$ cat coords37.cif   # mmCIF, C-alpha atoms
data_start
#
loop_
_atom_site.label_atom_id
_atom_site.label_comp_id
_atom_site.auth_asym_id
_atom_site.auth_seq_id
_atom_site.Cartn_x
_atom_site.Cartn_y
_atom_site.Cartn_z
CA MET A 1 83.85 105.12 75.70
CA LYS A 2 83.89 108.42 73.93
CA LEU A 3 82.95 110.48 76.98
CA LEU A 4 85.99 109.25 78.89
CA GLU A 5 88.36 109.50 75.92
CA ASP A 6 87.25 113.07 75.29
CA ARG A 7 87.78 113.96 78.93
CA ILE A 8 91.24 112.41 78.95
CA ARG A 9 92.14 114.38 75.83
CA LYS A 10 90.79 117.57 77.38
CA ASP A 11 92.06 117.35 80.95
CA GLY A 12 94.64 114.57 81.05
CA THR A 13 98.34 115.35 80.98
CA VAL A 14 100.94 113.07 79.42
CA ARG A 15 104.04 113.56 81.50
CA ASN A 16 106.18 111.02 79.70
CA CYS A 17 105.60 107.88 77.70
CA ASN A 18 104.47 106.08 80.85
CA ILE A 19 102.64 108.53 83.10
CA LEU A 20 99.20 109.88 82.26
CA LYS A 21 97.86 112.28 84.87
CA VAL A 22 94.10 112.40 85.26
CA ASP A 23 94.10 113.80 88.75
CA SER A 24 91.69 116.62 87.96
CA PHE A 25 88.76 114.22 87.51
CA LEU A 26 89.62 110.61 88.34
CA ASN A 27 92.03 110.07 91.20
CA HIS A 28 92.67 113.17 93.28
CA GLN A 29 89.84 115.52 92.42
CA LEU A 30 86.75 113.46 91.58
CA ASP A 31 84.14 114.42 88.99
CA VAL A 32 81.13 112.59 90.39
CA THR A 33 79.04 113.09 87.26
CA LEU A 34 81.70 111.51 85.07
CA LEU A 35 82.32 108.67 87.52
CA ASP A 36 78.60 107.91 87.60
CA GLU A 37 78.61 107.63 83.81
CA LEU A 38 81.48 105.14 84.05
CA GLY A 39 79.47 103.22 86.65
CA LYS A 40 76.51 103.09 84.28
CA GLU A 41 78.71 101.79 81.48
CA PHE A 42 80.10 99.01 83.67
CA TYR A 43 76.53 98.11 84.56
CA ARG A 44 75.58 97.98 80.87
CA LEU A 45 78.54 95.71 80.14
CA PHE A 46 78.12 93.29 83.05
CA LYS A 47 74.44 93.51 84.00
CA ASP A 48 73.63 89.99 82.82
CA GLU A 49 76.42 88.34 84.79
CA GLY A 50 74.68 88.00 88.15
CA VAL A 51 77.25 90.19 89.88
CA THR A 52 76.87 90.12 93.68
CA LYS A 53 79.81 92.28 94.73
CA ILE A 54 82.05 95.02 93.41
CA LEU A 55 85.68 94.69 94.49
CA THR A 56 88.36 97.34 94.20
CA ILE A 57 91.56 98.41 95.90
CA GLU A 58 92.21 101.58 97.84
CA SER A 59 92.39 104.39 97.16
CA SER A 60 91.79 105.43 93.57
CA GLY A 61 89.40 102.61 92.79
CA ILE A 62 86.94 103.44 95.56
CA ALA A 63 85.11 106.28 93.83
CA ILE A 64 84.48 104.34 90.60
CA ALA A 65 83.56 101.24 92.57
CA MET A 66 80.95 103.26 94.45
CA SER A 67 79.43 104.52 91.20
CA ALA A 68 79.30 100.98 89.80
CA ALA A 69 77.90 99.45 92.98
CA ARG A 70 75.10 102.02 92.98
CA GLU A 71 74.01 100.89 89.52
CA PHE A 72 74.11 97.18 90.44
CA ARG A 73 72.53 97.88 93.86
CA ILE A 74 75.11 95.67 95.55
CA PRO A 75 77.89 96.32 98.08
CA ALA A 76 81.37 97.44 97.13
CA VAL A 77 84.41 96.12 98.98
CA PHE A 78 87.81 97.69 98.83
CA ALA A 79 91.01 95.77 99.53
CA LYS A 80 93.17 97.56 102.04
CA LYS A 81 96.84 98.24 101.96
CA ASN A 82 97.93 96.62 105.16
CA ARG A 83 98.95 99.34 107.53
CA THR A 84 96.31 99.17 110.20
CA LYS A 85 95.96 97.14 113.35
CA ASN A 86 92.20 97.54 113.09
CA ILE A 87 91.41 94.51 110.89
CA GLU A 88 89.98 91.68 112.90
CA GLY A 89 89.91 87.98 112.15
CA GLU A 90 91.20 86.27 109.11
CA VAL A 91 91.98 87.95 105.84
CA TYR A 92 92.86 87.06 102.29
CA SER A 93 96.08 88.74 101.25
CA ALA A 94 98.19 89.38 98.17
CA ALA A 95 101.45 91.17 97.45
CA VAL A 96 100.95 93.99 94.95
CA GLU A 97 103.64 96.17 93.47
CA SER A 98 102.46 99.65 92.59
CA PHE A 99 103.51 100.71 89.12
CA THR A 100 103.23 104.34 90.15
CA SER A 101 105.24 104.29 93.36
CA GLY A 102 107.41 101.20 92.87
CA ILE A 103 106.47 100.06 96.38
CA THR A 104 105.22 96.54 97.10
CA TYR A 105 102.27 96.38 99.47
CA THR A 106 100.43 93.56 101.13
CA VAL A 107 96.75 94.08 100.42
CA ILE A 108 94.07 92.36 102.44
CA ILE A 109 90.37 91.61 102.35
CA SER A 110 88.52 90.40 105.41
CA LYS A 111 87.23 86.89 104.76
CA LYS A 112 83.83 88.10 105.99
CA PHE A 113 83.33 90.01 102.77
CA LEU A 114 84.10 87.37 100.13
CA ASN A 115 81.99 84.21 100.02
CA ALA A 116 82.20 81.16 97.78
CA ASP A 117 78.89 82.03 96.12
CA ASP A 118 79.92 85.59 95.29
CA ARG A 119 80.17 86.65 91.66
CA VAL A 120 82.66 89.49 91.75
CA LEU A 121 83.22 92.36 89.35
CA ILE A 122 86.64 93.89 89.94
CA ILE A 123 86.83 97.64 89.27
CA ASP A 124 89.89 99.88 89.12
CA ASP A 125 90.92 103.20 87.68
CA PHE A 126 94.04 102.07 85.83
CA LEU A 127 95.35 98.86 84.32
CA ALA A 128 99.02 98.88 83.37
CA GLN A 129 101.08 95.86 84.35
CA GLY A 130 98.06 94.42 86.11
CA GLN A 131 99.68 93.75 89.47
CA ALA A 132 96.74 95.08 91.47
CA LEU A 133 94.18 93.18 89.38
CA LYS A 134 96.12 89.95 89.63
CA GLY A 135 96.26 90.33 93.39
CA LEU A 136 92.51 90.96 93.56
CA VAL A 137 91.74 88.03 91.23
CA GLY A 138 93.87 85.79 93.42
CA MET A 139 92.01 86.78 96.58
CA VAL A 140 88.60 86.26 94.97
CA GLU A 141 89.61 82.80 93.82
CA ALA A 142 91.16 81.98 97.20
CA ALA A 143 87.66 82.58 98.59
CA GLY A 144 86.22 80.11 96.08
CA ALA A 145 84.25 82.95 94.52
CA THR A 146 83.89 83.70 90.81
CA VAL A 147 85.58 86.55 88.96
CA VAL A 148 82.92 87.76 86.53
CA GLY A 149 85.36 90.19 84.96
CA CYS A 150 87.36 93.35 85.39
CA GLY A 151 86.03 96.83 84.64
CA ILE A 152 88.78 99.38 84.12
CA ALA A 153 88.54 103.08 83.43
CA ILE A 154 91.88 103.54 81.64
CA GLU A 155 94.06 100.73 80.31
CA LYS A 156 97.57 101.38 79.13
CA GLY A 157 97.39 99.10 76.12
CA PHE A 158 101.13 99.29 75.59
CA GLN A 159 101.77 97.50 78.87
CA ASP A 160 100.98 93.82 79.19
CA GLY A 161 98.59 93.59 82.14
CA GLY A 162 95.43 93.53 80.05
CA LYS A 163 96.80 91.04 77.52
CA THR A 164 97.98 88.68 80.25
CA LEU A 165 94.62 88.68 82.01
CA ARG A 166 92.66 88.24 78.76
CA ASP A 167 95.00 85.41 77.69
CA GLN A 168 94.19 83.72 81.00
CA GLY A 169 90.51 83.84 80.06
CA TYR A 170 89.33 86.77 82.17
CA ARG A 171 86.91 89.26 80.67
CA VAL A 172 88.55 92.68 80.89
CA GLU A 173 86.50 95.70 79.80
CA SER A 174 88.44 98.95 79.68
CA LEU A 175 86.49 102.10 78.90
CA ALA A 176 89.52 103.81 77.35
CA ILE A 177 92.60 101.99 76.09
CA VAL A 178 95.66 104.11 75.45
CA GLU A 179 97.56 102.60 72.54
CA SER A 180 100.43 105.05 72.79
CA MET A 181 101.18 108.43 74.29
CA ASP A 182 103.92 110.96 74.59
CA PRO A 183 104.06 114.59 75.65
CA GLU A 184 104.60 115.94 72.13
CA ASN A 185 102.16 113.90 70.08
CA GLY A 186 99.53 113.29 72.74
CA ILE A 187 97.40 110.21 73.15
CA VAL A 188 96.31 107.58 70.64
CA PHE A 189 93.39 105.44 71.80
CA ARG A 190 92.79 101.90 70.57
CA ASN A 191 89.69 101.65 68.39
CA MET B 192 70.89 110.46 112.74
CA LYS B 193 68.79 107.51 113.73
CA LEU B 194 69.44 105.51 110.56
CA LEU B 195 73.18 105.51 111.21
CA GLU B 196 72.88 104.90 114.95
CA ASP B 197 70.61 101.95 114.31
CA ARG B 198 73.02 100.52 111.78
CA ILE B 199 75.95 100.93 114.15
CA ARG B 200 73.99 99.14 116.88
CA LYS B 201 73.05 96.35 114.47
CA ASP B 202 76.29 95.77 112.59
CA GLY B 203 79.03 97.60 114.50
CA THR B 204 81.35 95.74 116.82
CA VAL B 205 82.88 97.28 119.93
CA ARG B 206 86.26 95.62 120.29
CA ASN B 207 87.39 97.58 123.30
CA CYS B 208 86.67 100.96 124.83
CA ASN B 209 88.43 102.65 121.91
CA ILE B 210 87.82 100.64 118.75
CA LEU B 211 84.45 100.50 117.03
CA LYS B 212 84.43 98.35 113.92
CA VAL B 213 82.00 99.34 111.19
CA ASP B 214 83.82 97.60 108.38
CA SER B 215 80.74 95.78 107.11
CA PHE B 216 79.12 98.98 105.85
CA LEU B 217 81.36 102.05 106.20
CA ASN B 218 85.07 101.48 105.64
CA HIS B 219 85.90 98.12 104.10
CA GLN B 220 82.63 96.87 102.67
CA LEU B 221 80.56 99.86 101.56
CA ASP B 222 76.76 100.04 101.74
CA VAL B 223 76.09 102.53 98.97
CA THR B 224 72.46 103.07 99.96
CA LEU B 225 73.42 104.00 103.51
CA LEU B 226 76.29 106.20 102.37
CA ASP B 227 73.96 108.06 100.01
CA GLU B 228 71.62 108.76 102.94
CA LEU B 229 74.58 110.20 104.87
CA GLY B 230 75.40 112.32 101.83
CA LYS B 231 71.84 113.63 101.75
CA GLU B 232 72.00 114.51 105.44
CA PHE B 233 75.23 116.45 104.97
CA TYR B 234 73.56 118.30 102.13
CA ARG B 235 70.58 119.14 104.33
CA LEU B 236 72.89 120.46 107.04
CA PHE B 237 75.19 122.53 104.82
CA LYS B 238 73.13 123.34 101.74
CA ASP B 239 72.89 127.06 102.53
CA GLU B 240 76.63 127.53 103.00
CA GLY B 241 77.64 128.00 99.37
CA VAL B 242 79.91 124.95 99.44
CA THR B 243 82.09 124.68 96.33
CA LYS B 244 84.17 121.64 97.15
CA ILE B 245 84.07 118.51 99.29
CA LEU B 246 87.41 117.59 100.84
CA THR B 247 88.30 114.29 102.46
CA ILE B 248 91.33 112.10 103.10
CA GLU B 249 92.04 108.69 101.67
CA SER B 250 90.87 106.05 102.02
CA SER B 251 87.84 105.66 104.23
CA GLY B 252 86.50 109.15 103.60
CA ILE B 253 86.30 108.81 99.83
CA ALA B 254 83.04 106.89 99.63
CA ILE B 255 81.12 109.27 101.90
CA ALA B 256 82.68 112.27 100.19
CA MET B 257 81.42 110.94 96.85
CA SER B 258 77.89 110.59 98.20
CA ALA B 259 77.99 114.13 99.59
CA ALA B 260 79.51 115.64 96.45
CA ARG B 261 76.75 114.08 94.36
CA GLU B 262 74.11 115.89 96.42
CA PHE B 263 75.89 119.24 96.21
CA ARG B 264 76.77 118.69 92.51
CA ILE B 265 80.35 119.77 93.14
CA PRO B 266 83.72 118.01 92.94
CA ALA B 267 85.23 116.00 95.75
CA VAL B 268 88.96 116.10 96.44
CA PHE B 269 90.78 113.59 98.56
CA ALA B 270 94.06 114.35 100.30
CA LYS B 271 96.64 111.69 99.57
CA LYS B 272 98.98 109.95 101.90
CA ASN B 273 102.27 110.79 100.37
CA ARG B 274 103.70 107.64 98.89
CA THR B 275 103.58 108.33 95.21
CA LYS B 276 105.95 109.98 92.81
CA ASN B 277 103.01 110.80 90.56
CA ILE B 278 101.97 114.16 92.07
CA GLU B 279 103.13 117.05 89.94
CA GLY B 280 103.72 120.62 90.88
CA GLU B 281 103.24 122.18 94.23
CA VAL B 282 101.20 120.72 97.03
CA TYR B 283 99.80 121.70 100.39
CA SER B 284 100.90 119.25 103.04
CA ALA B 285 100.22 118.35 106.65
CA ALA B 286 101.51 115.76 109.10
CA VAL B 287 98.70 113.53 110.35
CA GLU B 288 98.97 110.81 112.97
CA SER B 289 96.51 107.99 112.46
CA PHE B 290 94.71 107.07 115.65
CA THR B 291 94.06 103.59 114.27
CA SER B 292 97.55 102.67 113.13
CA GLY B 293 99.69 104.98 115.24
CA ILE B 294 101.64 105.94 112.11
CA THR B 295 102.30 109.56 111.17
CA TYR B 296 101.79 110.36 107.48
CA THR B 297 102.40 113.37 105.38
CA VAL B 298 99.19 114.09 103.50
CA ILE B 299 99.13 116.29 100.46
CA ILE B 300 96.69 118.15 98.23
CA SER B 301 97.72 119.50 94.87
CA LYS B 302 97.49 123.29 94.91
CA LYS B 303 95.51 123.05 91.66
CA PHE B 304 92.49 121.78 93.58
CA LEU B 305 92.17 124.36 96.37
CA ASN B 306 91.57 127.97 95.48
CA ALA B 307 91.22 131.06 97.66
CA ASP B 308 87.56 131.43 96.70
CA ASP B 309 86.65 127.85 97.58
CA ARG B 310 84.18 127.20 100.38
CA VAL B 311 85.12 123.74 101.57
CA LEU B 312 83.10 121.14 103.43
CA ILE B 313 85.41 118.56 104.99
CA ILE B 314 83.97 115.04 105.20
CA ASP B 315 85.34 112.01 107.00
CA ASP B 316 84.14 108.70 108.37
CA PHE B 317 85.50 109.05 111.92
CA LEU B 318 86.43 111.85 114.27
CA ALA B 319 88.41 110.83 117.34
CA GLN B 320 91.40 112.94 118.28
CA GLY B 321 90.85 115.02 115.16
CA GLN B 322 94.35 114.77 113.73
CA ALA B 323 93.15 114.18 110.18
CA LEU B 324 90.59 117.00 110.34
CA LYS B 325 93.11 119.44 111.76
CA GLY B 326 95.49 118.59 108.95
CA LEU B 327 92.77 119.12 106.35
CA VAL B 328 91.64 122.39 107.95
CA GLY B 329 95.23 123.62 107.91
CA MET B 330 95.64 122.89 104.22
CA VAL B 331 92.36 124.62 103.31
CA GLU B 332 93.41 127.70 105.23
CA ALA B 333 96.90 127.62 103.75
CA ALA B 334 95.15 127.96 100.39
CA GLY B 335 93.28 131.02 101.64
CA ALA B 336 90.01 129.11 101.25
CA THR B 337 87.16 128.95 103.76
CA VAL B 338 86.30 125.95 105.91
CA VAL B 339 82.50 125.89 105.91
CA GLY B 340 82.47 123.03 108.38
CA CYS B 341 83.18 119.37 108.97
CA GLY B 342 80.69 116.58 108.29
CA ILE B 343 81.52 113.39 110.16
CA ALA B 344 79.78 110.05 110.10
CA ILE B 345 80.84 108.81 113.55
CA GLU B 346 82.38 110.94 116.26
CA LYS B 347 83.91 109.41 119.34
CA GLY B 348 82.56 111.95 121.78
CA PHE B 349 84.80 110.69 124.57
CA GLN B 350 87.89 111.82 122.67
CA ASP B 351 88.65 115.48 122.35
CA GLY B 352 88.94 116.11 118.61
CA GLY B 353 85.39 117.35 118.17
CA LYS B 354 85.50 119.57 121.25
CA THR B 355 88.80 121.13 120.22
CA LEU B 356 87.55 121.98 116.74
CA ARG B 357 84.24 123.37 118.00
CA ASP B 358 86.06 125.43 120.63
CA GLN B 359 88.11 126.90 117.80
CA GLY B 360 84.89 128.02 116.14
CA TYR B 361 84.52 125.39 113.44
CA ARG B 362 81.10 123.94 112.75
CA VAL B 363 81.33 120.17 113.24
CA GLU B 364 78.28 118.07 112.40
CA SER B 365 78.58 114.42 113.37
CA LEU B 366 75.74 112.12 112.35
CA ALA B 367 76.34 109.78 115.27
CA ILE B 368 78.27 110.69 118.41
CA VAL B 369 79.38 107.82 120.60
CA GLU B 370 79.31 108.99 124.22
CA SER B 371 80.77 105.77 125.57
CA MET B 372 81.21 102.18 124.51
CA ASP B 373 82.57 98.92 125.77
CA PRO B 374 82.23 95.32 124.62
CA GLU B 375 79.96 94.29 127.49
CA ASN B 376 77.54 97.19 127.71
CA GLY B 377 77.56 98.24 124.08
CA ILE B 378 77.26 101.78 122.78
CA VAL B 379 75.69 104.87 124.29
CA PHE B 380 75.02 107.66 121.79
CA ARG B 381 74.90 111.33 122.72
CA ASN B 382 71.40 112.76 122.46
#
$ encode --input "coords37.cif" --output "structure tokens"
Amino acid sequence: MKLLEDRIRKDGTVRNCNILKVDSFLNHQLDVTLLDELGKEFYRLFKDEGVTKILTIESSGIAIAMSAAREFRIPAVFAKKNRTKNIEGEVYSAAVESFTSGITYTVIISKKFLNADDRVLIIDDFLAQGQALKGLVGMVEAAGATVVGCGIAIEKGFQDGGKTLRDQGYRVESLAIVESMDPENGIVFRN
Amino acid sequence: MKLLEDRIRKDGTVRNCNILKVDSFLNHQLDVTLLDELGKEFYRLFKDEGVTKILTIESSGIAIAMSAAREFRIPAVFAKKNRTKNIEGEVYSAAVESFTSGITYTVIISKKFLNADDRVLIIDDFLAQGQALKGLVGMVEAAGATVVGCGIAIEKGFQDGGKTLRDQGYRVESLAIVESMDPENGIVFRN
């Protein structure tokens, strides 16, 4: 998606060969207009799939998930990192290691919000090693629901999360795929 | 705001005299249509204040902040609970104790995203003891920026966060104020 690639080139910062900072528009400060365009693109890509629910994981996925859910006119659900005593009843859970922080979290979704007849589009801001997505996919399938696909803003194509999920048969649509990057030469996007 | 009060009565659950669960529409599953109405109401209340930025705190505030920022056509920024190594440069920080979990976090905002000429509307889903709001207010003022006010979805009027902030001169607009609640007698809203 040219709009997103252009914005990454303009405002993203490559800190090293692994870390791309997009905190001025995607995951700390939020450019609502841009996010809404991403939501529209996810709708265009998945509108014929009978999606009933958008699923993401806190925190950075929430804003994009909201923009997508608005287009589909369906609810968004975000999986929670388990640090609260204020979740009632039974939950689906998964262990997810954060690529960014190196910390492993348990993430949970209340069973109330995933049903066997749900057709779920999973949305997230980044796909690198795919730990978060795999955790979300596992919880959707534990509910007996269907994973329609994964809609990602930025995929790091040089890490294997996207390949692994696609090899397993999941539809993964990433709006910008970074083929390579480094602070001196900048970013090369996959065509 | 009658729309929100009605929804809380319909879908909220009072677990005890302190905990009101609204996770089916506000902070786990997200009803985008409702959240957009809250965003419009915050715009109506603060539209003449020259707001330049919406500020919230992850995670539950992000969705409402997005809906408000869309109305104002300005960016939203969310303060991050400090668990990542992926924040560059200098940050404003505050210690915030979560009423729900009992845990104290350090929350941070990159200095890039708060400027002295910003007029900031702080948005959050709940106001109880006001720890999160006070932390956010402190960071805005540390930046030399102006707190235009606080827009809250649900205030627990029987806790003192709202009173303390109003007594300090801050404008706090809560769309639903719970005067009292218990599992047997339900919820009484402040008129």
$ closest_atom_pairs --input "coords37.cif" --of "chain A" --to "chain B" --cutoff "8 Å" --atoms "all atoms listed in the file" --output "Markdown table"
| residue | atom | partner | partner_atom | distance |
| --- | --- | --- | --- | --- |
| A:Ile19 | CA | B:Asn277 | CA | 7.8 |
| A:Lys21 | CA | B:Asn277 | CA | 7.8 |
| A:Ser24 | CA | B:Phe304 | CA | 7.7 |
| A:His28 | CA | B:Phe269 | CA | 5.6 |
| A:Gln29 | CA | B:Val268 | CA | 4.2 |
| A:Leu30 | CA | B:Ala267 | CA | 5.1 |
| A:Asp31 | CA | B:Pro266 | CA | 5.4 |
| A:Val32 | CA | B:Arg261 | CA | 6.1 |
| A:Thr33 | CA | B:Arg261 | CA | 7.5 |
| A:Glu58 | CA | B:Ser250 | CA | 6.3 |
| A:Ser59 | CA | B:Ser250 | CA | 5.4 |
| A:Ile62 | CA | B:Ala254 | CA | 6.6 |
| A:Ala63 | CA | B:Ala254 | CA | 6.2 |
| A:Met66 | CA | B:Ala254 | CA | 6.7 |
| A:Ala69 | CA | B:Val223 | CA | 7.0 |
| A:Arg70 | CA | B:Val223 | CA | 6.1 |
| A:Arg73 | CA | B:Val223 | CA | 7.8 |
| A:Ile74 | CA | B:Val223 | CA | 7.7 |
| A:Pro75 | CA | B:Asp222 | CA | 5.3 |
| A:Ala76 | CA | B:Leu221 | CA | 5.1 |
| A:Val77 | CA | B:Gln220 | CA | 4.2 |
| A:Phe78 | CA | B:His219 | CA | 5.6 |
| A:Ala79 | CA | B:His219 | CA | 7.2 |
| A:Lys80 | CA | B:His219 | CA | 7.6 |
| A:Arg83 | CA | B:Ser292 | CA | 6.7 |
| A:Thr84 | CA | B:Ser292 | CA | 4.7 |
| A:Lys85 | CA | B:Ser292 | CA | 5.8 |
| A:Asn86 | CA | B:Thr291 | CA | 6.4 |
| A:Thr100 | CA | B:Thr275 | CA | 6.5 |
| A:Ser101 | CA | B:Thr275 | CA | 4.7 |
| A:Phe113 | CA | B:Gln220 | CA | 6.9 |
$ write_last_selection --input "coords37.cif" --atoms "C-alpha atoms" --output "PDB file, keeping the file's coordinate frame"
ATOM      1  CA  ILE A  19     102.640 108.530  83.100  1.00  0.00           C
ATOM      2  CA  LYS A  21      97.860 112.280  84.870  1.00  0.00           C
ATOM      3  CA  SER A  24      91.690 116.620  87.960  1.00  0.00           C
ATOM      4  CA  HIS A  28      92.670 113.170  93.280  1.00  0.00           C
ATOM      5  CA  GLN A  29      89.840 115.520  92.420  1.00  0.00           C
ATOM      6  CA  LEU A  30      86.750 113.460  91.580  1.00  0.00           C
ATOM      7  CA  ASP A  31      84.140 114.420  88.990  1.00  0.00           C
ATOM      8  CA  VAL A  32      81.130 112.590  90.390  1.00  0.00           C
ATOM      9  CA  THR A  33      79.040 113.090  87.260  1.00  0.00           C
ATOM     10  CA  GLU A  58      92.210 101.580  97.840  1.00  0.00           C
ATOM     11  CA  SER A  59      92.390 104.390  97.160  1.00  0.00           C
ATOM     12  CA  ILE A  62      86.940 103.440  95.560  1.00  0.00           C
ATOM     13  CA  ALA A  63      85.110 106.280  93.830  1.00  0.00           C
ATOM     14  CA  MET A  66      80.950 103.260  94.450  1.00  0.00           C
ATOM     15  CA  ALA A  69      77.900  99.450  92.980  1.00  0.00           C
ATOM     16  CA  ARG A  70      75.100 102.020  92.980  1.00  0.00           C
ATOM     17  CA  ARG A  73      72.530  97.880  93.860  1.00  0.00           C
ATOM     18  CA  ILE A  74      75.110  95.670  95.550  1.00  0.00           C
ATOM     19  CA  PRO A  75      77.890  96.320  98.080  1.00  0.00           C
ATOM     20  CA  ALA A  76      81.370  97.440  97.130  1.00  0.00           C
ATOM     21  CA  VAL A  77      84.410  96.120  98.980  1.00  0.00           C
ATOM     22  CA  PHE A  78      87.810  97.690  98.830  1.00  0.00           C
ATOM     23  CA  ALA A  79      91.010  95.770  99.530  1.00  0.00           C
ATOM     24  CA  LYS A  80      93.170  97.560 102.040  1.00  0.00           C
ATOM     25  CA  ARG A  83      98.950  99.340 107.530  1.00  0.00           C
ATOM     26  CA  THR A  84      96.310  99.170 110.200  1.00  0.00           C
ATOM     27  CA  LYS A  85      95.960  97.140 113.350  1.00  0.00           C
ATOM     28  CA  ASN A  86      92.200  97.540 113.090  1.00  0.00           C
ATOM     29  CA  THR A 100     103.230 104.340  90.150  1.00  0.00           C
ATOM     30  CA  SER A 101     105.240 104.290  93.360  1.00  0.00           C
ATOM     31  CA  PHE A 113      83.330  90.010 102.770  1.00  0.00           C
TER      32      PHE A 113
END
$ closest_residue --input "coords37.cif" --among "A:Glu179, A:Thr146, A:Ala116, A:Met1" --to "Lys40 in chain A" --atoms "all atoms listed in the file"
A:Met1
$ axis_aligned_box --input "coords37.cif" --around "range 210-227 of chain B" --padding-each-side "8 Å" --output "lines of an AutoDock Vina configuration file"
center_x = 80.1
center_y = 101.9
center_z = 108.9
size_x = 31.4
size_y = 28.3
size_z = 35.8
$ atom_distance --input "coords37.cif" --atom1 "CA of Leu366 in chain B" --atom2 "CA of Ile313 in chain B"
13.8 Å
$ residues_around --input "coords37.cif" --residues "Gln129 in chain A" --least-positions-apart "6" --cutoff "6 Å" --atoms "all atoms listed in the file" --output "list in words"
Gln159, Asp160 and Gly161 of chain A
$ residues_near_point --input "coords37.cif" --point "(96.4, 89.6, 83.8)" --cutoff "8 Å" --atoms "all atoms listed in the file" --output "number ranges by chain"
A: 129-131, 133-134, 160-168, 170
$ write_last_selection --input "coords37.cif" --atoms "C-alpha atoms" --output "short mmCIF file (atom, residue, chain, number, x, y, z; two decimals), in the frame of the given file"
data_model
loop_
_atom_site.label_atom_id
_atom_site.label_comp_id
_atom_site.auth_asym_id
_atom_site.auth_seq_id
_atom_site.Cartn_x
_atom_site.Cartn_y
_atom_site.Cartn_z
CA GLN A 129 101.08 95.86 84.35
CA GLY A 130 98.06 94.42 86.11
CA GLN A 131 99.68 93.75 89.47
CA LEU A 133 94.18 93.18 89.38
CA LYS A 134 96.12 89.95 89.63
CA ASP A 160 100.98 93.82 79.19
CA GLY A 161 98.59 93.59 82.14
CA GLY A 162 95.43 93.53 80.05
CA LYS A 163 96.80 91.04 77.52
CA THR A 164 97.98 88.68 80.25
CA LEU A 165 94.62 88.68 82.01
CA ARG A 166 92.66 88.24 78.76
CA ASP A 167 95.00 85.41 77.69
CA GLN A 168 94.19 83.72 81.00
CA TYR A 170 89.33 86.77 82.17
#
$ atom_distance --input "coords37.cif" --atom1 "CA of Ser93 in chain A" --atom2 "CA of Met139 in chain A"
6.5 Å
$ atom_distance --input "coords37.cif" --atom1 "CA of Ala128 in chain A" --atom2 "CA of Thr297 in chain B"
26.6 Å
$ residues_around --input "coords37.cif" --residues "Asn16 in chain A" --least-positions-apart "2" --cutoff "9 Å" --atoms "all atoms listed in the file" --output "compact mmCIF listing (two decimals) with C-alpha atoms, keeping the file's coordinate frame"
# COMPACT_ATOMS: atom_id res chain seq x y z
CA VAL A 14 100.94 113.07 79.42
CA ASN A 18 104.47 106.08 80.85
CA ILE A 19 102.64 108.53 83.10
CA LEU A 20 99.20 109.88 82.26
CA MET A 181 101.18 108.43 74.29
CA ASP A 182 103.92 110.96 74.59
CA PRO A 183 104.06 114.59 75.65
$ closest_residue --input "coords37.cif" --among "A:Gly135, A:Gly157, A:Gly50, A:Gly149" --to "Asp118 in chain A" --atoms "only C-alpha atoms"
A:Gly50
$ closest_residue --input "coords37.cif" --among "A:Ala143, A:Leu121, A:Lys10, A:Ile152" --to "Glu49 in chain A" --atoms "all atoms listed in the file"
A:Leu121
$ resolve_selection --input "coords37.cif" --expression "the PyMOL selection byres ((chain A and resi 4-7) around 10)" --output "MDAnalysis selection string"
chainID A and resid 1:3 8:12 22 25 34:35 37:38 153:154 175:178 187:189
$ build_atoms --input "coords37.cif" --residues "range 98-106 of chain A" --atoms "N, CA and C atoms" --output "PDB file, in the frame of the given file"
ATOM      1  N   SER A  98     103.058  98.502  93.248  1.00  0.00           N
ATOM      2  CA  SER A  98     102.460  99.650  92.590  1.00  0.00           C
ATOM      3  C   SER A  98     103.355 100.117  91.462  1.00  0.00           C
ATOM      4  N   PHE A  99     102.764 100.176  90.266  1.00  0.00           N
ATOM      5  CA  PHE A  99     103.510 100.710  89.120  1.00  0.00           C
ATOM      6  C   PHE A  99     103.900 102.155  89.367  1.00  0.00           C
ATOM      7  N   THR A 100     103.008 102.907  89.992  1.00  0.00           N
ATOM      8  CA  THR A 100     103.230 104.340  90.150  1.00  0.00           C
ATOM      9  C   THR A 100     104.343 104.638  91.161  1.00  0.00           C
ATOM     10  N   SER A 101     104.289 103.953  92.293  1.00  0.00           N
ATOM     11  CA  SER A 101     105.240 104.290  93.360  1.00  0.00           C
ATOM     12  C   SER A 101     106.432 103.349  93.404  1.00  0.00           C
ATOM     13  N   GLY A 102     106.328 102.179  92.785  1.00  0.00           N
ATOM     14  CA  GLY A 102     107.410 101.200  92.870  1.00  0.00           C
ATOM     15  C   GLY A 102     107.443 100.434  94.176  1.00  0.00           C
ATOM     16  N   ILE A 103     106.499 100.720  95.066  1.00  0.00           N
ATOM     17  CA  ILE A 103     106.470 100.060  96.380  1.00  0.00           C
ATOM     18  C   ILE A 103     105.614  98.794  96.295  1.00  0.00           C
ATOM     19  N   THR A 104     106.047  97.733  96.995  1.00  0.00           N
ATOM     20  CA  THR A 104     105.220  96.540  97.100  1.00  0.00           C
ATOM     21  C   THR A 104     104.463  96.557  98.420  1.00  0.00           C
ATOM     22  N   TYR A 105     103.127  96.416  98.305  1.00  0.00           N
ATOM     23  CA  TYR A 105     102.270  96.380  99.470  1.00  0.00           C
ATOM     24  C   TYR A 105     101.714  94.980  99.663  1.00  0.00           C
ATOM     25  N   THR A 106     101.353  94.662 100.910  1.00  0.00           N
ATOM     26  CA  THR A 106     100.430  93.560 101.130  1.00  0.00           C
ATOM     27  C   THR A 106      99.035  94.162 101.167  1.00  0.00           C
TER      28      THR A 106
END
